[in-house]
>>> print(open('model_28.cif').read())   # mmCIF, N, CA and C atoms
data_coords
loop_
_atom_site.label_atom_id
_atom_site.label_comp_id
_atom_site.auth_asym_id
_atom_site.auth_seq_id
_atom_site.Cartn_x
_atom_site.Cartn_y
_atom_site.Cartn_z
N MET A 1 -7.26 3.31 -34.85
CA MET A 1 -6.33 2.42 -34.19
C MET A 1 -7.05 1.75 -33.01
N ILE A 2 -6.86 0.46 -32.88
CA ILE A 2 -7.42 -0.28 -31.75
C ILE A 2 -6.34 -0.42 -30.70
N LEU A 3 -6.62 0.05 -29.50
CA LEU A 3 -5.65 -0.02 -28.42
C LEU A 3 -5.93 -1.24 -27.55
N PRO A 4 -4.87 -1.92 -27.11
CA PRO A 4 -5.07 -3.06 -26.21
C PRO A 4 -5.57 -2.57 -24.85
N GLN A 5 -6.14 -3.49 -24.09
CA GLN A 5 -6.57 -3.12 -22.74
C GLN A 5 -5.33 -2.78 -21.91
N THR A 6 -5.47 -1.76 -21.11
CA THR A 6 -4.35 -1.30 -20.31
C THR A 6 -4.88 -0.59 -19.07
N GLN A 7 -4.01 -0.44 -18.09
CA GLN A 7 -4.37 0.32 -16.89
C GLN A 7 -3.99 1.78 -17.04
N ILE A 8 -3.39 2.14 -18.17
CA ILE A 8 -3.03 3.53 -18.42
C ILE A 8 -4.30 4.29 -18.79
N PRO A 9 -4.58 5.40 -18.10
CA PRO A 9 -5.79 6.16 -18.40
C PRO A 9 -5.82 6.63 -19.85
N ALA A 10 -7.01 6.69 -20.43
CA ALA A 10 -7.18 7.08 -21.83
C ALA A 10 -6.59 8.46 -22.10
N GLU A 11 -6.72 9.39 -21.17
CA GLU A 11 -6.18 10.73 -21.40
C GLU A 11 -4.65 10.72 -21.45
N THR A 12 -4.04 9.81 -20.71
CA THR A 12 -2.58 9.69 -20.76
C THR A 12 -2.15 9.13 -22.10
N ILE A 13 -2.85 8.12 -22.58
CA ILE A 13 -2.55 7.56 -23.90
C ILE A 13 -2.72 8.62 -24.97
N ALA A 14 -3.80 9.40 -24.86
CA ALA A 14 -4.04 10.48 -25.84
C ALA A 14 -2.88 11.48 -25.82
N ALA A 15 -2.37 11.79 -24.64
CA ALA A 15 -1.24 12.72 -24.53
C ALA A 15 0.00 12.13 -25.20
N TYR A 16 0.27 10.83 -24.98
CA TYR A 16 1.41 10.18 -25.64
C TYR A 16 1.27 10.28 -27.15
N LEU A 17 0.06 10.07 -27.66
CA LEU A 17 -0.18 10.10 -29.11
C LEU A 17 -0.01 11.50 -29.69
N ARG A 18 -0.24 12.54 -28.90
CA ARG A 18 -0.08 13.93 -29.37
C ARG A 18 1.37 14.41 -29.28
N THR A 19 2.17 13.74 -28.49
CA THR A 19 3.52 14.21 -28.18
C THR A 19 4.49 14.01 -29.34
N GLU A 20 5.37 14.98 -29.52
CA GLU A 20 6.50 14.83 -30.43
C GLU A 20 7.70 14.42 -29.58
N TYR A 21 8.35 13.35 -29.99
CA TYR A 21 9.54 12.84 -29.31
C TYR A 21 10.74 13.24 -30.15
N ARG A 22 11.63 14.05 -29.58
CA ARG A 22 12.75 14.63 -30.32
C ARG A 22 14.06 14.14 -29.75
N PHE A 23 15.01 13.87 -30.66
CA PHE A 23 16.36 13.56 -30.20
C PHE A 23 17.36 14.03 -31.25
N GLY A 24 18.58 14.22 -30.78
CA GLY A 24 19.62 14.78 -31.63
C GLY A 24 19.58 16.29 -31.56
N ARG A 25 20.47 16.92 -32.32
CA ARG A 25 20.57 18.37 -32.30
C ARG A 25 20.82 18.90 -33.72
N GLY A 26 20.44 20.14 -33.94
CA GLY A 26 20.74 20.80 -35.20
C GLY A 26 20.23 20.03 -36.40
N ALA A 27 21.11 19.86 -37.38
CA ALA A 27 20.74 19.15 -38.61
C ALA A 27 20.43 17.68 -38.33
N GLN A 28 20.90 17.15 -37.20
CA GLN A 28 20.64 15.75 -36.85
C GLN A 28 19.39 15.57 -36.00
N LEU A 29 18.64 16.64 -35.76
CA LEU A 29 17.42 16.54 -34.97
C LEU A 29 16.41 15.63 -35.68
N ILE A 30 15.87 14.68 -34.95
CA ILE A 30 14.84 13.78 -35.48
C ILE A 30 13.61 13.92 -34.58
N VAL A 31 12.46 14.07 -35.19
CA VAL A 31 11.19 14.19 -34.48
C VAL A 31 10.36 12.95 -34.78
N LEU A 32 9.93 12.26 -33.73
CA LEU A 32 9.13 11.05 -33.86
C LEU A 32 7.74 11.26 -33.30
N ARG A 33 6.79 10.55 -33.86
CA ARG A 33 5.43 10.51 -33.33
C ARG A 33 5.00 9.05 -33.35
N ILE A 34 4.23 8.66 -32.38
CA ILE A 34 3.73 7.28 -32.31
C ILE A 34 2.90 6.99 -33.56
N ASP A 35 3.08 5.80 -34.11
CA ASP A 35 2.36 5.32 -35.30
C ASP A 35 2.66 6.11 -36.56
N THR A 36 3.79 6.80 -36.61
CA THR A 36 4.18 7.54 -37.81
C THR A 36 5.60 7.13 -38.19
N ARG A 37 5.75 6.64 -39.42
CA ARG A 37 7.07 6.24 -39.89
C ARG A 37 7.97 7.47 -40.03
N SER A 38 9.24 7.31 -39.68
CA SER A 38 10.20 8.39 -39.76
C SER A 38 11.29 8.00 -40.76
N GLU A 39 11.34 8.70 -41.88
CA GLU A 39 12.40 8.46 -42.86
C GLU A 39 13.76 8.81 -42.26
N ALA A 40 13.82 9.89 -41.47
CA ALA A 40 15.08 10.29 -40.84
C ALA A 40 15.60 9.20 -39.91
N LEU A 41 14.70 8.56 -39.16
CA LEU A 41 15.13 7.47 -38.27
C LEU A 41 15.58 6.27 -39.09
N SER A 42 14.89 5.96 -40.17
CA SER A 42 15.31 4.86 -41.04
C SER A 42 16.71 5.10 -41.58
N GLN A 43 16.98 6.34 -41.97
CA GLN A 43 18.31 6.69 -42.48
C GLN A 43 19.37 6.58 -41.39
N LEU A 44 19.01 6.97 -40.16
CA LEU A 44 19.95 6.84 -39.04
C LEU A 44 20.29 5.36 -38.80
N TYR A 45 19.28 4.51 -38.79
CA TYR A 45 19.53 3.07 -38.62
C TYR A 45 20.45 2.56 -39.72
N ALA A 46 20.17 2.92 -40.96
CA ALA A 46 20.96 2.44 -42.08
C ALA A 46 22.42 2.89 -41.98
N SER A 47 22.61 4.15 -41.60
CA SER A 47 23.97 4.68 -41.55
C SER A 47 24.75 4.20 -40.33
N SER A 48 24.04 3.82 -39.26
CA SER A 48 24.72 3.42 -38.02
C SER A 48 24.85 1.90 -37.88
N GLY A 49 24.12 1.16 -38.72
CA GLY A 49 24.15 -0.29 -38.61
C GLY A 49 23.21 -0.85 -37.56
N HIS A 50 22.40 0.01 -36.96
CA HIS A 50 21.43 -0.45 -35.97
C HIS A 50 20.13 -0.82 -36.67
N ARG A 51 19.36 -1.70 -36.04
CA ARG A 51 18.08 -2.11 -36.61
C ARG A 51 16.90 -1.63 -35.76
N CYS A 52 17.18 -1.18 -34.54
CA CYS A 52 16.09 -0.73 -33.68
C CYS A 52 16.66 0.19 -32.60
N GLY A 53 15.74 0.82 -31.89
CA GLY A 53 16.13 1.71 -30.80
C GLY A 53 14.98 1.81 -29.82
N VAL A 54 15.19 2.57 -28.78
CA VAL A 54 14.17 2.74 -27.75
C VAL A 54 14.26 4.17 -27.23
N PHE A 55 13.11 4.74 -26.92
CA PHE A 55 13.04 6.09 -26.34
C PHE A 55 12.63 5.88 -24.89
N ILE A 56 13.54 6.15 -23.97
CA ILE A 56 13.25 5.91 -22.56
C ILE A 56 13.48 7.18 -21.75
N THR A 57 12.85 7.22 -20.59
CA THR A 57 13.04 8.35 -19.68
C THR A 57 13.01 7.83 -18.25
N ALA A 58 13.70 8.55 -17.40
CA ALA A 58 13.66 8.25 -15.97
C ALA A 58 12.76 9.23 -15.24
N CYS A 59 12.20 10.18 -15.97
CA CYS A 59 11.40 11.24 -15.36
C CYS A 59 9.97 10.77 -15.06
N ASN A 60 9.44 11.28 -13.98
CA ASN A 60 8.05 11.02 -13.57
C ASN A 60 7.68 9.53 -13.66
N PRO A 61 8.39 8.68 -12.91
CA PRO A 61 8.15 7.23 -13.00
C PRO A 61 6.70 6.86 -12.68
N LEU A 62 6.17 5.93 -13.47
CA LEU A 62 4.79 5.45 -13.33
C LEU A 62 3.78 6.58 -13.44
N GLY A 63 4.17 7.66 -14.14
CA GLY A 63 3.26 8.77 -14.34
C GLY A 63 3.08 9.66 -13.13
N GLU A 64 3.87 9.43 -12.11
CA GLU A 64 3.80 10.26 -10.90
C GLU A 64 4.70 11.47 -11.08
N VAL A 65 4.12 12.66 -11.08
CA VAL A 65 4.88 13.88 -11.29
C VAL A 65 5.89 14.07 -10.16
N GLN A 66 7.13 14.33 -10.56
CA GLN A 66 8.22 14.54 -9.62
C GLN A 66 8.72 15.98 -9.77
N SER A 67 9.48 16.43 -8.81
CA SER A 67 10.07 17.77 -8.89
C SER A 67 11.14 17.78 -9.98
N ALA A 68 11.49 18.96 -10.44
CA ALA A 68 12.55 19.08 -11.45
C ALA A 68 13.85 18.47 -10.92
N ALA A 69 14.15 18.70 -9.64
CA ALA A 69 15.38 18.17 -9.06
C ALA A 69 15.36 16.64 -9.04
N ALA A 70 14.24 16.06 -8.68
CA ALA A 70 14.14 14.59 -8.65
C ALA A 70 14.27 14.01 -10.06
N ASN A 71 13.63 14.67 -11.04
CA ASN A 71 13.74 14.20 -12.42
C ASN A 71 15.18 14.33 -12.93
N GLU A 72 15.84 15.43 -12.61
CA GLU A 72 17.23 15.62 -13.04
C GLU A 72 18.14 14.55 -12.43
N ALA A 73 17.93 14.24 -11.16
CA ALA A 73 18.73 13.21 -10.50
C ALA A 73 18.47 11.83 -11.12
N ALA A 74 17.20 11.53 -11.39
CA ALA A 74 16.86 10.25 -12.02
C ALA A 74 17.46 10.15 -13.41
N HIS A 75 17.41 11.25 -14.16
CA HIS A 75 17.99 11.28 -15.51
C HIS A 75 19.49 11.03 -15.44
N ALA A 76 20.17 11.67 -14.49
CA ALA A 76 21.62 11.49 -14.33
C ALA A 76 21.96 10.04 -14.00
N ARG A 77 21.16 9.40 -13.14
CA ARG A 77 21.39 7.99 -12.81
C ARG A 77 21.21 7.11 -14.03
N LEU A 78 20.15 7.37 -14.81
CA LEU A 78 19.91 6.59 -16.03
C LEU A 78 21.06 6.78 -17.01
N ALA A 79 21.49 8.00 -17.22
CA ALA A 79 22.60 8.27 -18.14
C ALA A 79 23.87 7.55 -17.70
N ALA A 80 24.15 7.57 -16.40
CA ALA A 80 25.34 6.89 -15.88
C ALA A 80 25.24 5.38 -16.08
N GLU A 81 24.06 4.83 -15.86
CA GLU A 81 23.88 3.39 -16.05
C GLU A 81 24.05 2.99 -17.51
N LEU A 82 23.48 3.77 -18.42
CA LEU A 82 23.64 3.48 -19.85
C LEU A 82 25.11 3.56 -20.25
N LYS A 83 25.81 4.57 -19.73
CA LYS A 83 27.24 4.72 -20.04
C LYS A 83 28.03 3.53 -19.50
N ALA A 84 27.73 3.11 -18.27
CA ALA A 84 28.44 1.98 -17.67
C ALA A 84 28.21 0.69 -18.46
N LEU A 85 27.02 0.56 -19.04
CA LEU A 85 26.69 -0.61 -19.85
C LEU A 85 27.17 -0.48 -21.29
N LYS A 86 27.81 0.66 -21.60
CA LYS A 86 28.31 0.96 -22.94
C LYS A 86 27.20 0.92 -23.99
N ILE A 87 26.04 1.45 -23.60
CA ILE A 87 24.90 1.55 -24.51
C ILE A 87 24.93 2.93 -25.15
N GLN A 88 24.94 2.95 -26.47
CA GLN A 88 24.95 4.23 -27.19
C GLN A 88 23.62 4.93 -26.94
N ALA A 89 23.69 6.20 -26.58
CA ALA A 89 22.48 6.97 -26.30
C ALA A 89 22.58 8.35 -26.95
N ILE A 90 21.43 8.83 -27.40
CA ILE A 90 21.32 10.17 -27.95
C ILE A 90 20.30 10.90 -27.08
N GLU A 91 20.67 12.06 -26.55
CA GLU A 91 19.75 12.81 -25.69
C GLU A 91 18.49 13.21 -26.45
N GLY A 92 17.38 13.20 -25.75
CA GLY A 92 16.12 13.59 -26.39
C GLY A 92 15.14 14.11 -25.36
N GLU A 93 13.95 14.45 -25.85
CA GLU A 93 12.87 14.90 -24.97
C GLU A 93 11.54 14.62 -25.66
N GLY A 94 10.52 14.52 -24.86
CA GLY A 94 9.21 14.25 -25.43
C GLY A 94 8.14 14.94 -24.61
#
>>> encode(input="model_28.cif", output="structure tokens")
Amino acid sequence: MILPQTQIPAETIAAYLRTEYRFGRGAQLIVLRIDTRSEALSQLYASSGHRCGVFITACNPLGEVQSAAANEAAHARLAAELKALKIQAIEGEG
């Protein structure tokens, strides 16, 4: 894979590429990896009528490690904003 020029350190990009991004629970758990097609995600799109999605986090902004309390507060603010905007969200972690 050819990566575009970026200010993100190579080791950070490598970590993103190794990470499993999970959302949903139980039988609905979906695991994503960068550059890997997910049949489960395709099925979710088809059944929900959506054509795309995004995996976002409020934790450790700009790669700066924050305390658990700061990350929890940022996550709560993001969740509240998404709810206020009536944006459907599924909890996940990566």
>>> residues_around(input="model_28.cif", residues="Ala68 in chain A", least_positions_apart="5", cutoff="12 Å", atoms="only C-alpha atoms", output="ChimeraX atom specification")
/A:58-60,73-75
>>> resolve_selection(input="model_28.cif", expression="the PyMOL selection byres (((chain A and resi 44 and name CA) around 12) and name CA)", output="MDAnalysis selection string")
chainID A and resid 23:24 28:30 38:43 45:53 90
>>> atom_distance(input="model_28.cif", atom1="atom N of Ile8 in chain A", atom2="CA of Leu82 in chain A")
27.1 Å
>>> closest_residue(input="model_28.cif", among="A:Asn71, A:Gln7, A:Thr19, A:Gln66", to="Gly94 in chain A", atoms="all atoms listed in the file")
A:Thr19
>>> select_by_dssp(input="model_28.cif", residues="chain A", states="strand (DSSP E)", output="number ranges by chain")
A: 21-23, 30-32, 92-93
>>> closest_residue(input="model_28.cif", among="A:Arg33, A:Lys86, A:Val54, A:Leu62", to="Ala15 in chain A", atoms="only C-alpha atoms")
A:Arg33
>>> axis_aligned_box(input="model_28.cif", around="range 70-75 of chain A", padding_each_side="5 Å", output="lines of an AutoDock Vina configuration file")
center_x = 16.6
center_y = 13.1
center_z = -12.1
size_x = 15.9
size_y = 15.9
size_z = 16.9
>>> residues_around(input="model_28.cif", residues="Arg18 in chain A", least_positions_apart="2", cutoff="12 Å", atoms="only C-alpha atoms", output="list in words")
Glu11, Thr12, Ile13, Ala14, Ala15, Tyr16, Glu20, Tyr21, Leu32, Arg33, Ile34, Asp35, Thr36 and Gly94 of chain A
>>> atom_distance(input="model_28.cif", atom1="CA of Ala80 in chain A", atom2="CA of Gly92 in chain A")
15.5 Å
>>> atom_distance(input="model_28.cif", atom1="atom C of Pro9 in chain A", atom2="atom N of Arg77 in chain A")
27.9 Å
>>> decode(input="model_28.cif", residues="range 58-73 of chain A", atoms="N, CA, C and O atoms", output="short mmCIF file (atom, residue, chain, number, x, y, z; two decimals), in the first residue's frame")
data_model
loop_
_atom_site.label_atom_id
_atom_site.label_comp_id
_atom_site.auth_asym_id
_atom_site.auth_seq_id
_atom_site.Cartn_x
_atom_site.Cartn_y
_atom_site.Cartn_z
N ALA A 58 -13.58 10.76 20.52
CA ALA A 58 -13.20 12.03 21.14
C ALA A 58 -12.00 11.84 22.04
O ALA A 58 -11.51 12.79 22.64
N CYS A 59 -11.51 10.61 22.14
CA CYS A 59 -10.42 10.30 23.06
C CYS A 59 -9.06 10.68 22.48
O CYS A 59 -8.84 10.56 21.29
N ASN A 60 -8.18 11.11 23.36
CA ASN A 60 -6.80 11.44 23.00
C ASN A 60 -6.70 12.30 21.73
O ASN A 60 -6.07 11.91 20.75
N PRO A 61 -7.31 13.49 21.75
CA PRO A 61 -7.33 14.34 20.56
C PRO A 61 -5.92 14.67 20.05
O PRO A 61 -5.01 14.91 20.84
N LEU A 62 -5.78 14.62 18.73
CA LEU A 62 -4.50 14.90 18.05
C LEU A 62 -3.39 13.98 18.53
O LEU A 62 -2.22 14.31 18.48
N GLY A 63 -3.78 12.79 19.02
CA GLY A 63 -2.80 11.82 19.46
C GLY A 63 -2.16 12.13 20.80
O GLY A 63 -1.23 11.46 21.22
N GLU A 64 -2.68 13.13 21.48
CA GLU A 64 -2.15 13.50 22.80
C GLU A 64 -2.87 12.67 23.85
O GLU A 64 -4.08 12.77 24.03
N VAL A 65 -2.13 11.83 24.57
CA VAL A 65 -2.72 10.96 25.57
C VAL A 65 -3.34 11.79 26.68
O VAL A 65 -2.72 12.71 27.21
N GLN A 66 -4.59 11.46 27.00
CA GLN A 66 -5.34 12.15 28.04
C GLN A 66 -5.63 11.15 29.17
O GLN A 66 -5.53 9.93 28.98
N SER A 67 -6.02 11.66 30.30
CA SER A 67 -6.40 10.78 31.42
C SER A 67 -7.71 10.07 31.09
O SER A 67 -8.47 10.51 30.21
N ALA A 68 -7.98 8.99 31.79
CA ALA A 68 -9.24 8.27 31.59
C ALA A 68 -10.42 9.20 31.83
O ALA A 68 -11.41 9.18 31.08
N ALA A 69 -10.33 10.04 32.86
CA ALA A 69 -11.43 10.96 33.17
C ALA A 69 -11.65 11.97 32.04
O ALA A 69 -12.79 12.25 31.67
N ALA A 70 -10.57 12.50 31.49
CA ALA A 70 -10.70 13.46 30.39
C ALA A 70 -11.29 12.79 29.15
O ALA A 70 -12.14 13.37 28.46
N ASN A 71 -10.85 11.56 28.87
CA ASN A 71 -11.40 10.84 27.72
C ASN A 71 -12.88 10.52 27.92
O ASN A 71 -13.67 10.64 26.99
N GLU A 72 -13.25 10.11 29.13
CA GLU A 72 -14.66 9.81 29.42
C GLU A 72 -15.52 11.06 29.26
O GLU A 72 -16.62 11.00 28.70
N ALA A 73 -15.03 12.20 29.73
CA ALA A 73 -15.78 13.45 29.59
C ALA A 73 -15.91 13.85 28.12
O ALA A 73 -16.99 14.27 27.67
#
